[in-house]
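Written below as structure tokens is the structure these notes are about.
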Amino acid sequence: KVLLIGTIASVSLAVCTGLTVADNRIAVYEGEDVYYRYTPYSELDEILEEQKITLGKDDICVFSGFNSKNEASIMIKRAFNVTVTADGKTETVVMAEGTVKEALKKANITYSEDDLINVALSEQAIPDMGIVVNRVTFETFTETEEIPFETKRPDGDCPSNQREVVMQSGKNGEKELTRQTRFVDGVEKETTTIKETVLTEPVDEVIEYRAKVSWGGSVLKYDSSDLQLDENGIPL
């Protein structure tokens, strides 16, 4: 009887005074803060006005609606600034949530797989984040280069009773190099060779050891294989 009388009194008081009973419970999540309020309203706009919660045009507000226990949640994500620097210009974009990739899209910045970005595209954007895009370009060119010939000779030093004879003269070859220079924001960083094509093969120099030939106590300057004799057996 006491509870019934109290309830009737509360209803009568609300009717007589024009007050509405605040029996709806809301949990408001804003950043890392959580606070609870009671409200007589069930519509989001009315609740925000009553609770004096102001939203910016880029803020995000998610309202769960009331359940059977008259409980609801409101999640507010405040917009923040992100700077994007590319092509010598810096632009500020405003967003309440999203990744670095979405921030670049919002700033109308396109990029290639070769471009350098200081943070991962999948990383979540945070207040005052600075995103920098460095443009990477390549320049390809060709040039020729000599291929040095090799000298082939018998193993070991030439014996004292022999001398070196060049049996085949060496000749350098030639190759074509395809090179690629990498630039970052127009500044040259490195040059690498991406292809080699042999245009002319080198010719090896061939050296053999041949015996010295003496005649009349003098050492001749040619070897026995080159020695030519007249009909009397005398070297020509």
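A note on labels: chains of the structure tokens are A, B, ... as shown, every chain counts residues from 1, and ligands are counted from 1 in their shown order.
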
>> Please return, as a PyMOL selection string, all residues of range 61-227 of chain A that DSSP assigns to helix (DSSP H, G or I) on the basis of the backbone.
In response: chain A and resi 100-106+224-226

Mind dumping the selected residues with all heavy atoms as an mmCIF file, in the first residue's frame?
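Done, and the output landed in out_20.cif:
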data_model
loop_
_atom_site.group_PDB
_atom_site.id
_atom_site.type_symbol
_atom_site.label_atom_id
_atom_site.label_comp_id
_atom_site.auth_asym_id
_atom_site.auth_seq_id
_atom_site.Cartn_x
_atom_site.Cartn_y
_atom_site.Cartn_z
ATOM 1 N N VAL A 100 45.148 5.127 -42.811
ATOM 2 C CA VAL A 100 46.012 6.021 -43.591
ATOM 3 C C VAL A 100 45.571 6.017 -45.052
ATOM 4 O O VAL A 100 45.549 7.070 -45.707
ATOM 5 C CB VAL A 100 47.483 5.584 -43.456
ATOM 6 C CG1 VAL A 100 48.366 6.330 -44.443
ATOM 7 C CG2 VAL A 100 47.966 5.788 -42.031
ATOM 8 N N LYS A 101 45.213 4.856 -45.562
ATOM 9 C CA LYS A 101 44.750 4.751 -46.943
ATOM 10 C C LYS A 101 43.523 5.633 -47.169
ATOM 11 O O LYS A 101 43.413 6.325 -48.186
ATOM 12 C CB LYS A 101 44.416 3.295 -47.271
ATOM 13 C CG LYS A 101 43.977 3.056 -48.698
ATOM 14 C CD LYS A 101 43.738 1.577 -48.953
ATOM 15 C CE LYS A 101 43.331 1.332 -50.400
ATOM 16 N NZ LYS A 101 43.119 -0.126 -50.653
ATOM 17 N N GLU A 102 42.608 5.639 -46.212
ATOM 18 C CA GLU A 102 41.402 6.454 -46.336
ATOM 19 C C GLU A 102 41.722 7.945 -46.223
ATOM 20 O O GLU A 102 41.088 8.779 -46.871
ATOM 21 C CB GLU A 102 40.388 6.024 -45.269
ATOM 22 C CG GLU A 102 39.811 4.639 -45.526
ATOM 23 C CD GLU A 102 39.013 4.088 -44.358
ATOM 24 O OE1 GLU A 102 39.436 4.319 -43.197
ATOM 25 O OE2 GLU A 102 37.980 3.438 -44.588
ATOM 26 N N ALA A 103 42.729 8.274 -45.413
ATOM 27 C CA ALA A 103 43.140 9.678 -45.292
ATOM 28 C C ALA A 103 43.709 10.178 -46.617
ATOM 29 O O ALA A 103 43.436 11.307 -47.039
ATOM 30 C CB ALA A 103 44.159 9.831 -44.166
ATOM 31 N N LEU A 104 44.517 9.348 -47.285
ATOM 32 C CA LEU A 104 45.074 9.723 -48.580
ATOM 33 C C LEU A 104 43.966 9.902 -49.620
ATOM 34 O O LEU A 104 44.009 10.825 -50.440
ATOM 35 C CB LEU A 104 46.072 8.664 -49.043
ATOM 36 C CG LEU A 104 47.374 8.570 -48.237
ATOM 37 C CD1 LEU A 104 48.195 7.369 -48.686
ATOM 38 C CD2 LEU A 104 48.184 9.842 -48.370
ATOM 39 N N LYS A 105 42.983 9.020 -49.569
ATOM 40 C CA LYS A 105 41.856 9.136 -50.495
ATOM 41 C C LYS A 105 41.086 10.424 -50.245
ATOM 42 O O LYS A 105 40.677 11.120 -51.183
ATOM 43 C CB LYS A 105 40.933 7.930 -50.346
ATOM 44 C CG LYS A 105 39.756 7.923 -51.314
ATOM 45 C CD LYS A 105 38.928 6.665 -51.143
ATOM 46 C CE LYS A 105 37.753 6.670 -52.137
ATOM 47 N NZ LYS A 105 36.913 5.443 -51.989
ATOM 48 N N LYS A 106 40.909 10.759 -48.976
ATOM 49 C CA LYS A 106 40.192 11.985 -48.613
ATOM 50 C C LYS A 106 40.953 13.227 -49.093
ATOM 51 O O LYS A 106 40.358 14.243 -49.438
ATOM 52 C CB LYS A 106 40.000 12.028 -47.090
ATOM 53 C CG LYS A 106 38.963 13.032 -46.602
ATOM 54 C CD LYS A 106 38.764 12.897 -45.105
ATOM 55 C CE LYS A 106 37.698 13.855 -44.593
ATOM 56 N NZ LYS A 106 36.345 13.518 -45.086
ATOM 57 N N SER A 224 112.874 -23.125 -81.794
ATOM 58 C CA SER A 224 113.209 -24.154 -82.764
ATOM 59 C C SER A 224 112.087 -24.419 -83.748
ATOM 60 O O SER A 224 112.338 -24.829 -84.888
ATOM 61 C CB SER A 224 113.593 -25.453 -82.038
ATOM 62 O OG SER A 224 112.534 -25.888 -81.212
ATOM 63 N N SER A 225 110.899 -24.173 -83.354
ATOM 64 C CA SER A 225 109.787 -24.446 -84.267
ATOM 65 C C SER A 225 109.765 -23.460 -85.414
ATOM 66 O O SER A 225 109.197 -23.728 -86.466
ATOM 67 C CB SER A 225 108.465 -24.405 -83.497
ATOM 68 O OG SER A 225 108.266 -23.103 -82.978
ATOM 69 N N ASP A 226 110.385 -22.267 -85.169
ATOM 70 C CA ASP A 226 110.404 -21.259 -86.219
ATOM 71 C C ASP A 226 111.726 -21.280 -87.015
ATOM 72 O O ASP A 226 111.915 -20.466 -87.925
ATOM 73 C CB ASP A 226 110.221 -19.857 -85.615
ATOM 74 C CG ASP A 226 108.870 -19.720 -84.934
ATOM 75 O OD1 ASP A 226 107.923 -20.340 -85.429
ATOM 76 O OD2 ASP A 226 108.790 -18.995 -83.919
#

> Which neighbours of Asn81 in chain A fall inside 6 Å, counting only C-alpha atoms, when residues of the same chain fewer than 4 positions from it are skipped, and could you give them as a ChimeraX atom specification?
Replying inline: /A:93-94,127-128

> Using only C-alpha atoms, which residues sit within 9 Å of Thr142 in chain A once same-chain residues fewer than 6 positions away are excluded, as a PyMOL selection string?
Replying inline: chain A and resi 176-180

Just write the chosen residues, N, CA and C atoms, as a short mmCIF file (atom, residue, chain, number, x, y, z; two decimals), in the first residue's frame.
data_model
loop_
_atom_site.label_atom_id
_atom_site.label_comp_id
_atom_site.auth_asym_id
_atom_site.auth_seq_id
_atom_site.Cartn_x
_atom_site.Cartn_y
_atom_site.Cartn_z
N GLU A 176 76.88 -4.51 -73.74
CA GLU A 176 75.93 -3.40 -73.55
C GLU A 176 75.24 -3.57 -72.20
N LEU A 177 75.26 -2.51 -71.40
CA LEU A 177 74.65 -2.53 -70.07
C LEU A 177 73.38 -1.69 -70.07
N THR A 178 72.30 -2.29 -69.59
CA THR A 178 71.07 -1.53 -69.38
C THR A 178 71.00 -1.16 -67.91
N ARG A 179 71.02 0.13 -67.65
CA ARG A 179 71.05 0.60 -66.27
C ARG A 179 69.78 1.36 -65.91
N GLN A 180 69.50 1.39 -64.62
CA GLN A 180 68.29 2.08 -64.14
C GLN A 180 68.66 2.94 -62.93
#

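Residues with any atom within 12 Å of Ile53 in chain A, counting only C-alpha atoms and excluding same-chain neighbours fewer than 3 positions away, are Val28, Tyr29, Glu30, Arg37, Leu44, Asp45, Glu46, Ile47, Leu48, Glu49, Glu50, Gly56, Asp59, Cys61, Ile74, Met75, Ile76 and Arg78 of chain A.
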
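Nearest to Gly65 in chain A of all the residues A:Thr90, A:Ala27, A:Val206, A:Ala79 is A:Ala27, based on only C-alpha atoms.
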
Pick out the residues sitting within 10 Å of Gln168 in chain A, and hand them over as an mmCIF file with N, CA and C atoms, in the first residue's frame; count only C-alpha atoms, and ignore anything fewer than 3 positions along from it in its own chain.
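And here is the file that came out, part.cif:
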data_model
loop_
_atom_site.group_PDB
_atom_site.id
_atom_site.type_symbol
_atom_site.label_atom_id
_atom_site.label_comp_id
_atom_site.auth_asym_id
_atom_site.auth_seq_id
_atom_site.Cartn_x
_atom_site.Cartn_y
_atom_site.Cartn_z
ATOM 1 N N THR A 151 94.609 -13.715 -70.249
ATOM 2 C CA THR A 151 95.872 -14.267 -70.739
ATOM 3 C C THR A 151 96.016 -15.695 -70.213
ATOM 4 N N LYS A 152 96.202 -16.617 -71.149
ATOM 5 C CA LYS A 152 96.364 -18.018 -70.772
ATOM 6 C C LYS A 152 97.799 -18.431 -71.056
ATOM 7 N N VAL A 165 106.366 -17.044 -75.736
ATOM 8 C CA VAL A 165 105.996 -16.759 -77.118
ATOM 9 C C VAL A 165 104.492 -16.521 -77.175
ATOM 10 N N LYS A 171 92.349 -9.742 -77.404
ATOM 11 C CA LYS A 171 91.535 -8.617 -77.866
ATOM 12 C C LYS A 171 90.333 -8.458 -76.939
ATOM 13 N N VAL A 203 88.805 -12.100 -77.019
ATOM 14 C CA VAL A 203 89.702 -13.144 -77.525
ATOM 15 C C VAL A 203 90.856 -13.287 -76.548
ATOM 16 N N ASP A 204 91.080 -14.487 -76.061
ATOM 17 C CA ASP A 204 92.135 -14.712 -75.082
ATOM 18 C C ASP A 204 93.520 -14.525 -75.708
ATOM 19 N N GLU A 205 94.442 -14.005 -74.916
ATOM 20 C CA GLU A 205 95.851 -14.005 -75.291
ATOM 21 C C GLU A 205 96.435 -15.349 -74.874
ATOM 22 N N VAL A 206 97.121 -16.021 -75.803
ATOM 23 C CA VAL A 206 97.675 -17.344 -75.530
ATOM 24 C C VAL A 206 99.199 -17.249 -75.574
ATOM 25 N N ILE A 207 99.818 -17.644 -74.473
ATOM 26 C CA ILE A 207 101.277 -17.624 -74.364
ATOM 27 C C ILE A 207 101.777 -19.043 -74.109
ATOM 28 N N GLU A 208 102.869 -19.431 -74.834
ATOM 29 C CA GLU A 208 103.506 -20.720 -74.612
ATOM 30 C C GLU A 208 104.986 -20.512 -74.318
#

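With only C-alpha atoms as the atoms that count, the minimum distance from Thr140 in chain A to the choices A:Ala96, A:Val166, A:Val187, A:Ile194 is reached by A:Ile194.
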
> Which polymer residues have any atom within 10 Å of an atom of range 108-123 of chain A, counting only C-alpha atoms, with same-chain residues fewer than 2 positions away left out, as a list in words?
Replying inline: Val84, Thr85, Ala86, Asp87, Glu91, Gly98, Thr99, Val100, Lys101, Glu102, Ala103, Leu104, Lys105, Lys106, Ala125, Ile126, Met129, Gly130, Ile131, Val132, Val133, Asn134, Arg135, Val136, Thr137, Phe138, Val184 and Asp185 of chain A

Dump N, CA, C and O atoms for the selected residues as a JSON list (two decimals), in the first residue's frame?
[["chain", "number", "residue", "atom", "x", "y", "z"],
["A", 84, "VAL", "N", 48.67, 15.66, -44.74],
["A", 84, "VAL", "CA", 49.18, 14.80, -45.82],
["A", 84, "VAL", "C", 50.11, 15.65, -46.69],
["A", 84, "VAL", "O", 49.69, 16.68, -47.23],
["A", 85, "THR", "N", 51.36, 15.22, -46.80],
["A", 85, "THR", "CA", 52.35, 15.95, -47.60],
["A", 85, "THR", "C", 52.75, 15.10, -48.80],
["A", 85, "THR", "O", 53.17, 13.95, -48.65],
["A", 86, "ALA", "N", 52.61, 15.70, -49.98],
["A", 86, "ALA", "CA", 52.98, 15.01, -51.22],
["A", 86, "ALA", "C", 53.15, 16.05, -52.32],
["A", 86, "ALA", "O", 52.45, 17.07, -52.33],
["A", 87, "ASP", "N", 54.10, 15.79, -53.22],
["A", 87, "ASP", "CA", 54.33, 16.67, -54.38],
["A", 87, "ASP", "C", 54.62, 18.11, -53.97],
["A", 87, "ASP", "O", 54.19, 19.07, -54.62],
["A", 91, "GLU", "N", 48.49, 19.23, -47.07],
["A", 91, "GLU", "CA", 47.05, 19.47, -46.93],
["A", 91, "GLU", "C", 46.56, 18.86, -45.63],
["A", 91, "GLU", "O", 47.05, 17.80, -45.20],
["A", 98, "GLY", "N", 39.27, 5.94, -39.43],
["A", 98, "GLY", "CA", 39.73, 5.48, -40.72],
["A", 98, "GLY", "C", 41.22, 5.22, -40.73],
["A", 98, "GLY", "O", 41.94, 5.52, -39.79],
["A", 99, "THR", "N", 41.67, 4.64, -41.83],
["A", 99, "THR", "CA", 43.08, 4.26, -41.98],
["A", 99, "THR", "C", 43.85, 5.34, -42.74],
["A", 99, "THR", "O", 43.28, 6.32, -43.24],
["A", 100, "VAL", "N", 45.15, 5.13, -42.81],
["A", 100, "VAL", "CA", 46.01, 6.02, -43.59],
["A", 100, "VAL", "C", 45.57, 6.02, -45.05],
["A", 100, "VAL", "O", 45.55, 7.07, -45.71],
["A", 101, "LYS", "N", 45.21, 4.86, -45.56],
["A", 101, "LYS", "CA", 44.75, 4.75, -46.94],
["A", 101, "LYS", "C", 43.52, 5.63, -47.17],
["A", 101, "LYS", "O", 43.41, 6.32, -48.19],
["A", 102, "GLU", "N", 42.61, 5.64, -46.21],
["A", 102, "GLU", "CA", 41.40, 6.45, -46.34],
["A", 102, "GLU", "C", 41.72, 7.94, -46.22],
["A", 102, "GLU", "O", 41.09, 8.78, -46.87],
["A", 103, "ALA", "N", 42.73, 8.27, -45.41],
["A", 103, "ALA", "CA", 43.14, 9.68, -45.29],
["A", 103, "ALA", "C", 43.71, 10.18, -46.62],
["A", 103, "ALA", "O", 43.44, 11.31, -47.04],
["A", 104, "LEU", "N", 44.52, 9.35, -47.29],
["A", 104, "LEU", "CA", 45.07, 9.72, -48.58],
["A", 104, "LEU", "C", 43.97, 9.90, -49.62],
["A", 104, "LEU", "O", 44.01, 10.83, -50.44],
["A", 105, "LYS", "N", 42.98, 9.02, -49.57],
["A", 105, "LYS", "CA", 41.86, 9.14, -50.50],
["A", 105, "LYS", "C", 41.09, 10.42, -50.24],
["A", 105, "LYS", "O", 40.68, 11.12, -51.18],
["A", 106, "LYS", "N", 40.91, 10.76, -48.98],
["A", 106, "LYS", "CA", 40.19, 11.99, -48.61],
["A", 106, "LYS", "C", 40.95, 13.23, -49.09],
["A", 106, "LYS", "O", 40.36, 14.24, -49.44],
["A", 125, "ALA", "N", 44.48, 6.03, -38.57],
["A", 125, "ALA", "CA", 44.85, 7.44, -38.44],
["A", 125, "ALA", "C", 44.56, 7.90, -37.01],
["A", 125, "ALA", "O", 43.59, 7.47, -36.38],
["A", 126, "ILE", "N", 45.42, 8.79, -36.50],
["A", 126, "ILE", "CA", 45.25, 9.32, -35.15],
["A", 126, "ILE", "C", 45.38, 10.85, -35.20],
["A", 126, "ILE", "O", 45.88, 11.40, -36.19],
["A", 129, "MET", "N", 48.33, 13.23, -36.88],
["A", 129, "MET", "CA", 49.25, 12.36, -37.62],
["A", 129, "MET", "C", 49.76, 13.09, -38.86],
["A", 129, "MET", "O", 49.01, 13.83, -39.51],
["A", 130, "GLY", "N", 51.02, 12.88, -39.18],
["A", 130, "GLY", "CA", 51.60, 13.46, -40.40],
["A", 130, "GLY", "C", 51.94, 12.36, -41.38],
["A", 130, "GLY", "O", 52.78, 11.50, -41.09],
["A", 131, "ILE", "N", 51.29, 12.35, -42.52],
["A", 131, "ILE", "CA", 51.53, 11.35, -43.56],
["A", 131, "ILE", "C", 52.35, 12.00, -44.67],
["A", 131, "ILE", "O", 51.98, 13.06, -45.17],
["A", 132, "VAL", "N", 53.46, 11.36, -45.03],
["A", 132, "VAL", "CA", 54.34, 11.90, -46.07],
["A", 132, "VAL", "C", 54.48, 10.88, -47.19],
["A", 132, "VAL", "O", 54.80, 9.71, -46.94],
["A", 133, "VAL", "N", 54.23, 11.34, -48.41],
["A", 133, "VAL", "CA", 54.36, 10.49, -49.60],
["A", 133, "VAL", "C", 55.55, 11.00, -50.42],
["A", 133, "VAL", "O", 55.57, 12.15, -50.84],
["A", 134, "ASN", "N", 56.55, 10.13, -50.60],
["A", 134, "ASN", "CA", 57.71, 10.47, -51.43],
["A", 134, "ASN", "C", 57.57, 9.77, -52.78],
["A", 134, "ASN", "O", 57.42, 8.55, -52.84],
["A", 135, "ARG", "N", 57.64, 10.56, -53.85],
["A", 135, "ARG", "CA", 57.48, 10.01, -55.19],
["A", 135, "ARG", "C", 58.77, 9.32, -55.65],
["A", 135, "ARG", "O", 59.86, 9.88, -55.56],
["A", 136, "VAL", "N", 58.63, 8.11, -56.15],
["A", 136, "VAL", "CA", 59.77, 7.35, -56.67],
["A", 136, "VAL", "C", 59.61, 7.17, -58.17],
["A", 136, "VAL", "O", 58.57, 6.70, -58.64],
["A", 137, "THR", "N", 60.62, 7.61, -58.92],
["A", 137, "THR", "CA", 60.62, 7.47, -60.37],
["A", 137, "THR", "C", 61.91, 6.79, -60.81],
["A", 137, "THR", "O", 62.90, 6.74, -60.06],
["A", 138, "PHE", "N", 61.91, 6.28, -62.05],
["A", 138, "PHE", "CA", 63.07, 5.57, -62.57],
["A", 138, "PHE", "C", 63.43, 6.09, -63.96],
["A", 138, "PHE", "O", 62.54, 6.49, -64.73],
["A", 184, "VAL", "N", 64.13, 9.78, -55.84],
["A", 184, "VAL", "CA", 63.10, 10.00, -54.82],
["A", 184, "VAL", "C", 62.83, 11.50, -54.75],
["A", 184, "VAL", "O", 63.72, 12.28, -54.42],
["A", 185, "ASP", "N", 61.62, 11.87, -55.13],
["A", 185, "ASP", "CA", 61.25, 13.29, -55.22],
["A", 185, "ASP", "C", 62.24, 14.07, -56.09],
["A", 185, "ASP", "O", 62.64, 15.19, -55.76]]

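Picture a line from CA of Pro148 in chain A to CA of Lys195 in chain A; it runs 18.7 Å.
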
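Interatomic distance, CA of Asp23 in chain A against CA of Asn70 in chain A: 7.4 Å.
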
>> Among range 82-210 of chain A, which residues does DSSP mark as strand (DSSP E) when it is run on the backbone? Keep the chain and numbering as in the structure and answer as a VMD selection string.
In response: chain A and resid 82 to 86 89 to 95 116 to 117 129 to 134 136 to 147 151 to 152 162 to 168 173 to 184 187 to 200 205 to 210

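What separates CA of Thr200 in chain A from CA of Gly173 in chain A is a distance of 4.8 Å.
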
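Checking A:Val34, A:Ile26, A:Glu139, A:Phe149 one by one against Ser64 in chain A, counting only C-alpha atoms, you find the shortest gap at A:Ile26.
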
> Between A:Val198, A:Ile147, A:Ala107, A:Ala211, which is the closest to Ser160 in chain A once you count only C-alpha atoms?
Replying inline: A:Ala211
